>>> print(open('upload.txt').read())   # compact mmCIF, C-alpha atoms
# COMPACT_ATOMS: atom_id res chain seq x y z
CA ILE R 141 129.37 82.29 87.58
CA LEU R 142 127.42 85.05 89.32
CA ARG R 143 130.02 85.25 92.08
CA ASP R 144 132.74 85.65 89.46
CA LEU R 145 130.73 88.30 87.63
CA ARG R 146 130.14 90.24 90.84
CA ILE R 147 133.83 90.14 91.79
CA LYS R 148 134.78 91.53 88.38
CA GLY R 149 132.21 94.33 88.50
CA ILE R 150 129.04 92.99 86.87
CA ASN R 151 126.66 94.86 89.11
CA TYR R 152 123.23 94.96 87.47
CA LEU R 153 121.02 91.91 87.98
CA LEU R 154 117.35 91.21 87.35
CA PRO R 155 115.40 89.23 89.95
CA PHE R 156 112.06 88.40 88.32
CA THR R 157 109.13 89.96 90.18
CA SER R 158 106.06 89.43 88.02
CA TRP R 159 102.55 89.65 89.45
CA ALA R 160 101.89 85.91 89.09
CA SER R 161 105.20 84.94 90.71
CA ILE R 162 104.53 87.05 93.81
CA GLU R 163 100.74 86.80 94.30
CA THR R 164 100.42 83.04 93.88
CA ASN R 165 97.03 83.05 95.62
CA GLU R 166 94.68 86.01 95.58
CA GLY R 167 95.49 88.41 98.38
CA PHE R 168 98.68 86.60 99.45
CA TYR R 169 101.90 88.34 98.36
CA THR R 170 104.35 85.76 99.66
CA GLY R 171 105.77 84.32 96.44
CA SER R 172 109.51 84.68 95.93
CA PRO R 173 111.15 86.47 93.03
CA CYS R 174 113.43 84.39 90.88
CA PRO R 175 116.11 83.56 92.07
CA GLY R 176 114.69 83.86 95.60
CA ASP R 177 114.78 86.00 98.73
CA ASN R 178 118.06 84.66 100.16
CA PHE R 179 119.89 85.19 96.91
CA ILE R 180 118.57 88.75 96.67
CA SER R 181 119.94 89.41 100.16
CA TRP R 182 123.36 88.07 99.13
CA LEU R 183 123.39 90.18 95.98
CA THR R 184 122.35 93.28 97.92
CA ASN R 185 125.18 92.83 100.43
CA SER R 186 127.61 92.41 97.56
CA GLY R 187 126.72 95.87 96.23
CA ALA R 188 124.68 94.79 93.21
CA VAL R 189 122.09 97.06 91.63
CA LEU R 190 118.88 95.03 91.56
CA ASN R 191 116.06 95.56 89.09
CA GLY R 192 112.67 94.09 89.97
CA HIS R 193 112.10 92.91 86.43
CA CYS R 194 108.65 92.73 84.84
CA LEU R 195 106.84 94.07 87.90
CA ILE R 196 104.09 95.02 85.47
CA PHE R 197 104.04 92.96 82.26
CA LEU R 198 100.66 92.33 80.63
CA MET R 199 101.52 89.44 78.31
CA ASP R 200 98.96 86.66 78.70
CA GLU R 201 101.16 84.04 80.32
CA VAL R 202 100.57 82.10 83.54
CA TRP R 203 103.95 83.26 84.90
CA LEU R 204 102.98 86.91 84.38
CA ILE R 205 99.24 87.37 84.98
CA PRO R 206 97.62 85.24 87.73
CA ARG R 207 94.70 83.25 86.44
CA PHE R 208 92.39 84.49 89.18
CA ALA R 209 92.58 87.99 87.65
CA ILE R 210 91.26 86.89 84.26
CA GLY R 211 87.67 87.93 83.57
CA ARG R 212 87.40 90.40 86.43
CA SER R 213 86.32 93.99 85.83
CA PHE R 214 88.98 96.57 84.98
CA ASN R 215 88.39 98.37 88.27
CA ASP R 216 88.87 95.11 90.19
CA GLN R 217 92.03 94.32 88.24
CA LYS R 218 93.47 97.79 88.85
CA VAL R 219 92.85 97.49 92.60
CA MET R 220 94.47 94.04 92.60
CA ILE R 221 97.55 95.37 90.80
CA GLU R 222 97.85 98.30 93.20
CA LYS R 223 97.76 95.99 96.23
CA PHE R 224 100.28 93.57 94.67
CA LEU R 225 102.60 96.38 93.66
CA ARG R 226 102.56 98.27 96.95
CA ALA R 227 103.08 95.04 98.91
CA THR R 228 105.97 93.92 96.72
CA VAL R 229 107.86 97.21 96.56
CA SER R 230 107.51 97.61 100.33
CA ARG R 231 108.62 94.03 100.94
CA PHE R 232 111.86 94.39 98.98
CA PRO R 233 113.30 97.82 99.84
CA ASN R 234 116.76 96.75 98.63
CA ILE R 235 115.53 96.45 95.06
CA GLY R 236 116.46 99.86 93.72
CA ILE R 237 114.81 99.79 90.26
CA TRP R 238 111.40 98.45 89.26
CA THR R 239 110.41 97.72 85.67
CA LEU R 240 107.11 98.63 84.03
CA ASN R 241 107.41 96.50 80.94
CA GLU R 242 106.30 96.99 77.32
CA PRO R 243 103.27 99.28 77.64
CA ILE R 244 100.67 98.87 74.85
CA ALA R 245 102.79 96.24 73.07
CA GLN R 246 101.31 93.58 75.40
CA ASN R 247 97.67 93.47 76.48
CA GLY R 248 96.84 90.11 78.02
CA LEU R 249 93.87 91.51 79.97
CA GLY R 250 92.20 93.03 76.92
CA TRP R 251 92.20 96.61 78.15
CA SER R 252 91.71 99.74 76.09
CA ARG R 253 94.66 102.00 75.35
CA ASP R 254 93.45 104.48 77.96
CA GLN R 255 93.13 101.74 80.57
CA ILE R 256 96.70 100.57 79.94
CA TYR R 257 97.96 104.14 80.23
CA ASP R 258 95.96 104.58 83.44
CA VAL R 259 97.57 101.55 85.11
CA PHE R 260 101.13 102.29 83.96
CA VAL R 261 100.95 105.92 85.08
CA SER R 262 99.37 104.92 88.40
CA ALA R 263 101.96 102.17 88.90
CA SER R 264 104.83 104.65 88.61
CA LYS R 265 103.24 106.71 91.39
CA TRP R 266 102.49 103.68 93.58
CA ILE R 267 106.15 102.59 93.37
CA HIS R 268 107.41 106.00 94.45
CA GLU R 269 104.88 106.12 97.29
CA ALA R 270 105.74 102.60 98.50
CA ASN R 271 109.48 103.37 98.44
CA PRO R 272 110.49 106.99 97.74
CA LYS R 273 114.09 105.87 97.14
CA ALA R 274 113.11 103.41 94.41
CA LYS R 275 113.53 104.17 90.71
CA VAL R 276 110.93 103.46 88.04
CA MET R 277 112.13 102.13 84.70
CA ILE R 278 109.74 102.23 81.76
CA ASN R 279 110.92 99.41 79.52
CA MET R 280 110.42 100.15 75.84
CA ILE R 281 110.55 98.18 72.61
CA PRO R 282 112.39 100.39 70.08
CA ILE R 283 110.46 99.32 66.96
CA PRO R 284 106.82 99.77 65.91
CA ALA R 285 104.62 96.76 66.68
CA ASN R 286 101.01 95.60 66.61
CA TRP R 287 101.19 92.44 68.70
CA SER R 288 98.37 93.31 71.09
CA GLY R 289 95.84 94.61 68.58
CA LEU R 290 96.81 98.15 69.61
CA GLU R 291 99.26 100.07 67.45
CA TYR R 292 102.54 100.60 69.26
CA GLU R 293 105.04 103.24 68.22
CA PRO R 294 107.81 103.96 70.74
CA ASN R 295 107.77 107.76 70.86
CA HIS R 296 104.00 108.07 70.60
CA VAL R 297 103.45 105.69 73.51
CA LEU R 298 106.07 107.30 75.74
CA ASP R 299 104.83 110.79 74.86
CA ASP R 300 101.28 109.75 75.78
CA LEU R 301 102.40 108.25 79.09
CA LEU R 302 104.40 111.32 80.07
CA GLU R 303 101.52 113.61 79.14
CA ARG R 304 99.27 111.61 81.46
CA GLY R 305 101.71 111.91 84.37
CA LEU R 306 104.06 108.91 84.17
CA GLU R 307 106.90 109.29 86.71
CA PRO R 308 109.88 107.51 85.09
CA ASP R 309 113.42 107.74 86.43
CA ILE R 310 115.03 105.57 83.75
CA ILE R 311 114.20 104.44 80.22
CA GLY R 312 114.94 100.81 79.44
CA ILE R 313 115.51 99.81 75.82
CA GLU R 314 115.22 96.22 74.62
CA LEU R 315 117.80 95.55 71.90
CA TYR R 316 117.20 92.01 70.70
CA TYR R 317 119.02 91.01 67.54
CA TRP R 318 115.97 89.71 65.67
CA TRP R 319 114.46 93.20 65.45
CA ALA R 320 117.26 94.47 63.23
CA PRO R 321 116.26 94.30 59.53
CA THR R 322 118.42 92.15 57.28
CA GLU R 323 120.21 95.13 55.78
CA LYS R 324 121.19 96.24 59.30
CA ARG R 325 122.85 92.94 60.23
CA ASP R 326 126.48 92.02 59.75
CA GLU R 327 127.80 88.90 58.03
CA ASN R 328 127.24 86.90 61.24
CA GLY R 329 123.59 87.92 61.51
CA TYR R 330 124.20 90.36 64.36
CA PRO R 331 122.88 93.96 64.48
CA MET R 332 125.24 96.60 63.21
CA LEU R 333 126.15 99.14 65.86
CA ASP R 334 124.77 102.00 63.77
CA TRP R 335 121.36 100.32 63.98
CA VAL R 336 121.77 99.94 67.75
CA LYS R 337 122.70 103.61 68.05
CA SER R 338 119.66 104.64 65.99
CA LYS R 339 117.37 102.82 68.44
CA VAL R 340 119.00 104.56 71.40
CA ASP R 341 118.72 107.91 69.61
CA ILE R 342 114.91 107.57 69.62
CA PHE R 343 114.85 108.10 73.38
CA ARG R 344 117.50 110.76 73.93
CA LYS R 345 115.01 113.62 73.70
CA TYR R 346 113.49 112.65 77.07
CA ASN R 347 116.68 113.58 78.95
CA LEU R 348 116.47 110.53 81.20
CA PRO R 349 119.18 107.97 81.97
CA ILE R 350 119.01 104.96 79.64
CA ILE R 351 119.70 101.32 80.37
CA SER R 352 120.03 98.69 77.68
CA SER R 353 117.57 96.64 79.67
CA GLU R 354 117.29 93.43 77.66
CA GLY R 355 119.53 92.15 74.93
CA GLY R 356 121.68 89.38 73.64
CA ILE R 357 122.64 87.41 70.57
CA PRO R 358 123.07 83.66 70.06
CA GLY R 359 126.37 81.91 69.55
CA ILE R 360 124.82 79.66 66.93
CA ILE R 361 122.75 80.99 64.02
CA ASP R 362 121.48 78.68 61.24
CA GLY R 363 123.66 75.89 62.62
CA LYS R 364 126.85 77.95 62.41
CA ASN R 365 128.98 77.91 65.56
CA GLN R 366 130.27 81.43 66.13
CA PHE R 367 130.71 81.77 69.88
CA ASP R 368 133.94 83.74 69.44
CA LYS R 369 132.16 86.18 67.12
CA GLN R 370 129.35 86.42 69.68
CA ALA R 371 131.94 87.53 72.25
CA ASP R 372 133.39 90.05 69.78
CA TRP R 373 129.96 91.58 69.20
CA MET R 374 129.20 91.72 72.92
CA GLU R 375 132.47 93.53 73.61
CA ALA R 376 131.78 96.09 70.88
CA PHE R 377 128.22 96.59 72.11
CA PHE R 378 129.13 96.96 75.79
CA SER R 379 131.97 99.30 74.90
CA PHE R 380 129.52 101.47 72.97
CA CYS R 381 127.16 101.52 75.97
CA HIS R 382 130.01 102.36 78.33
CA ASP R 383 131.17 105.28 76.18
CA ASP R 384 127.69 106.73 75.60
CA GLU R 385 127.02 109.41 78.23
CA ASP R 386 123.26 108.78 78.21
CA ILE R 387 123.55 105.05 78.91
CA ILE R 388 124.12 104.12 82.56
CA GLY R 389 123.88 100.34 82.23
CA ALA R 390 123.76 97.41 79.81
CA THR R 391 122.29 93.95 80.27
CA TRP R 392 123.21 90.55 78.89
CA TYR R 393 119.83 88.97 79.36
CA CYS R 394 120.56 85.24 79.63
CA VAL R 395 122.89 83.62 82.16
CA ARG R 396 121.69 80.21 80.95
CA ASP R 397 120.23 79.35 77.56
CA GLU R 398 116.50 79.85 77.11
CA PRO R 399 115.71 77.44 74.23
CA GLY R 400 112.17 78.68 73.64
CA PHE R 401 113.21 82.30 73.67
CA MET R 402 116.83 82.81 72.62
CA PRO R 403 118.82 79.58 72.24
CA TYR R 404 122.62 79.64 72.51
CA ALA R 405 122.64 83.12 74.09
CA GLY R 406 123.60 82.11 77.63
CA LEU R 407 126.93 82.78 79.29
CA MET R 408 127.59 79.10 80.04
CA ASP R 409 127.07 75.61 78.65
CA ASP R 410 124.83 73.02 80.28
CA ASP R 411 127.80 71.73 82.30
CA PHE R 412 128.33 75.28 83.71
CA THR R 413 131.57 75.90 81.81
CA TYR R 414 131.97 79.46 80.60
CA ARG R 415 131.49 80.29 76.97
CA PRO R 416 133.76 82.86 75.31
CA VAL R 417 131.11 85.54 75.83
CA ALA R 418 131.26 85.06 79.62
CA ASN R 419 135.05 85.20 79.75
CA ARG R 420 135.04 88.31 77.58
CA LEU R 421 132.35 89.95 79.71
CA ILE R 422 134.40 89.39 82.85
CA LYS R 423 137.50 90.74 81.09
CA ILE R 424 135.94 93.95 79.80
CA ALA R 425 134.05 94.59 83.05
CA ASN R 426 137.35 94.56 84.86
CA GLU R 427 138.89 96.90 82.28
CA LEU R 428 135.99 99.35 81.93
CA ASN R 429 135.17 99.65 85.62
CA SER R 430 138.23 101.02 87.38
CA SER R 431 137.89 100.93 91.15
CA THR R 432 138.76 103.22 94.05
CA THR R 433 139.13 101.89 97.60
CA HIS R 434 137.47 103.49 100.64
CA ILE R 435 137.95 102.23 104.21
CA LEU R 436 135.10 102.78 106.66
CA ASN R 437 135.26 102.38 110.42
CA GLY R 438 131.80 102.43 111.92
CA ARG R 439 128.69 103.80 110.22
CA LYS R 440 129.55 106.43 107.66
CA TYR R 441 128.02 107.70 104.46
CA LEU R 442 129.91 108.31 101.24
CA ASP R 443 128.72 110.66 98.52
CA LEU R 444 130.25 109.03 95.45
CA ALA R 445 130.18 109.89 91.78
CA PRO R 446 128.97 107.11 89.46
CA GLY R 447 131.64 104.46 89.20
CA ARG R 448 133.07 101.36 90.81
CA TYR R 449 134.44 101.27 94.34
CA ASP R 450 135.88 98.75 96.78
CA VAL R 451 134.59 99.63 100.25
CA ILE R 452 136.23 97.95 103.21
CA VAL R 453 134.02 97.72 106.31
CA ASN R 454 135.47 95.99 109.37
CA GLN R 455 138.02 94.20 107.16
CA GLU R 456 135.32 92.87 104.80
CA VAL R 457 135.51 94.06 101.18
CA PHE R 458 132.35 95.05 99.30
CA ARG R 459 132.40 95.82 95.59
CA VAL R 460 130.03 98.73 95.02
CA ASN R 461 128.94 100.05 91.62
CA VAL R 462 127.17 103.40 91.84
CA ILE R 463 124.80 104.70 89.16
CA LYS R 464 123.30 108.16 88.93
CA GLY R 465 120.95 108.93 91.81
CA GLN R 466 121.48 105.56 93.50
CA THR R 467 121.75 104.91 97.24
CA VAL R 468 123.65 101.74 98.19
CA THR R 469 123.60 100.27 101.67
CA ILE R 470 126.32 97.76 102.52
CA GLY R 471 127.37 95.75 105.52
CA GLU R 472 123.86 95.21 106.88
>>> encode(input="upload.txt", output="structure tokens")
Amino acid sequence: ILRDLRIKGINYLLPFTSWASIETNEGFYTGSPCPGDNFISWLTNSGAVLNGHCLIFLMDEVWLIPRFAIGRSFNDQKVMIEKFLRATVSRFPNIGIWTLNEPIAQNGLGWSRDQIYDVFVSASKWIHEANPKAKVMINMIPIPANWSGLEYEPNHVLDDLLERGLEPDIIGIELYYWWAPTEKRDENGYPMLDWVKSKVDIFRKYNLPIISSEGGIPGIIDGKNQFDKQADWMEAFFSFCHDDEDIIGATWYCVRDEPGFMPYAGLMDDDFTYRPVANRLIKIANELNSSTTHILNGRKYLDLAPGRYDVIVNQEVFRVNVIKGQTVTIGE
């Protein structure tokens, strides 16, 4: 399915690069992102934009925070995170965007608000130092929350981070369906687009590119099979994102179902057959992303406006999708 998506212009993919997945033993940064180093190389050569997802994510889970970090002093933990982050960003120079995920909303290490701000601000600087071409995405929940024992309000948190020196290049917005209040859901249980727009509007004042970084809806709600309606909603949502000048990308979070997280939201069934939402995604990607062909002989550099391009190098075709401020290397 990923090969089909890439051919049709789906160009934004999220290899998972959490602290615990990379630093599997203290001081050894040799773990592989999901779905693995070789796959990342293939995606890079195909022209995909790669986001090192959840590079910093402080939820207390074994797949996010390594157990050897628990109980250490804050100063020790900060040093450990700096070493992990610098090593990882340097190791994967073809990953163009790195995610700092859900500041304040998650606090698995029990830090104070100021300590969380300190690490997130420092992390944005460490990423830029480790790879000056890399982009930092601060990934935000668009609703108030108090999951970590610390009050989270989207604008207050982002204002605080920017005041302290955060260096973001992109704002990510998570748009999961369950956050929409009942009165803002349609007859199928899906968020109304005016609610979605209101969540995006929260972040426009920062004058940064926006990516709908995580999102999706299930094809079955309360036992009701509505996979065709799921595809309808996805098309309307992606069309809105495409037409909004502040939004440079949109994510359908699940390729396969994640039963404990969002069941029936994947693009395929267990037997790998496409659901209507996958077929529709391929269709609209092909329609929304018109392509222009460039032929290169030898090493040349193209300065391209954001958009989709077919680049032919030595008779091999690469599908390249350019976003604002992005550098893409192909054919290597």
>>> atom_distance(input="upload.txt", atom1="atom CA of R:Ser352", atom2="atom CA of R:Val462")
16.5 Å
>>> closest_residue(input="upload.txt", among="R:Glu222, R:Asp309, R:Asp384, R:Glu375", to="R:Glu427", atoms="only C-alpha atoms")
R:Glu375
>>> residues_around(input="upload.txt", residues="R:Ala270", least_positions_apart="4", cutoff="10 Å", atoms="only C-alpha atoms", output="list in words")
Leu225, Arg226, Ala227, Thr228, Val229, Ser230, Arg231, Pro233, Lys265, Trp266 and Ala274 of chain R
>>> residues_around(input="upload.txt", residues="R:Lys223", least_positions_apart="4", cutoff="10 Å", atoms="all atoms listed in the file", output="PDB file with C-alpha atoms, in the frame of the given file")
ATOM      1  CA  GLU R 163     100.740  86.800  94.300  1.00  0.00           C
ATOM      2  CA  GLY R 167      95.490  88.410  98.380  1.00  0.00           C
ATOM      3  CA  PHE R 168      98.680  86.600  99.450  1.00  0.00           C
ATOM      4  CA  TYR R 169     101.900  88.340  98.360  1.00  0.00           C
ATOM      5  CA  GLN R 217      92.030  94.320  88.240  1.00  0.00           C
ATOM      6  CA  LYS R 218      93.470  97.790  88.850  1.00  0.00           C
ATOM      7  CA  VAL R 219      92.850  97.490  92.600  1.00  0.00           C
ATOM      8  CA  ALA R 227     103.080  95.040  98.910  1.00  0.00           C
ATOM      9  CA  THR R 228     105.970  93.920  96.720  1.00  0.00           C
ATOM     10  CA  TRP R 266     102.490 103.680  93.580  1.00  0.00           C
TER      11      TRP R 266
END
>>> closest_residue(input="upload.txt", among="R:Phe179, R:Phe343, R:Phe458, R:Phe197", to="R:Ile311", atoms="only C-alpha atoms")
R:Phe343
>>> atom_distance(input="upload.txt", atom1="atom CA of R:Glu398", atom2="atom CA of R:Pro243")
23.5 Å
>>> atom_distance(input="upload.txt", atom1="atom CA of R:Val202", atom2="atom CA of R:Pro173")
14.9 Å
>>> residues_around(input="upload.txt", residues="stretch 302-306 of chain R", least_positions_apart="6", cutoff="10 Å", atoms="only C-alpha atoms", output="ChimeraX atom specification")
/R:254,257-265,276,278,346
>>> residues_around(input="upload.txt", residues="R:Ile313", least_positions_apart="2", cutoff="12 Å", atoms="all atoms listed in the file", output="MDAnalysis selection string")
chainID R and resid 239:242 277:283 294 310:311 315:316 336:344 349:355 381 387:391
>>> residues_around(input="upload.txt", residues="stretch 211-214 of chain R", least_positions_apart="6", cutoff="10 Å", atoms="all atoms listed in the file", output="list in words")
Met220, Leu249, Gly250, Trp251, Ser252, Gln255 and Val259 of chain R
>>> closest_residue(input="upload.txt", among="R:Gln246, R:Thr170, R:Leu333, R:Cys394", to="R:Phe380", atoms="all atoms listed in the file")
R:Leu333
>>> closest_residue(input="upload.txt", among="R:Gly176, R:Ser379, R:Tyr393, R:Ser161", to="R:Leu204", atoms="only C-alpha atoms")
R:Ser161
>>> residues_near_point(input="upload.txt", point="(123.9, 86.0, 71.4)", cutoff="6 Å", atoms="all atoms listed in the file", output="list in words")
Gly356, Ile357, Pro358, Gly359, Gln370 and Ala405 of chain R
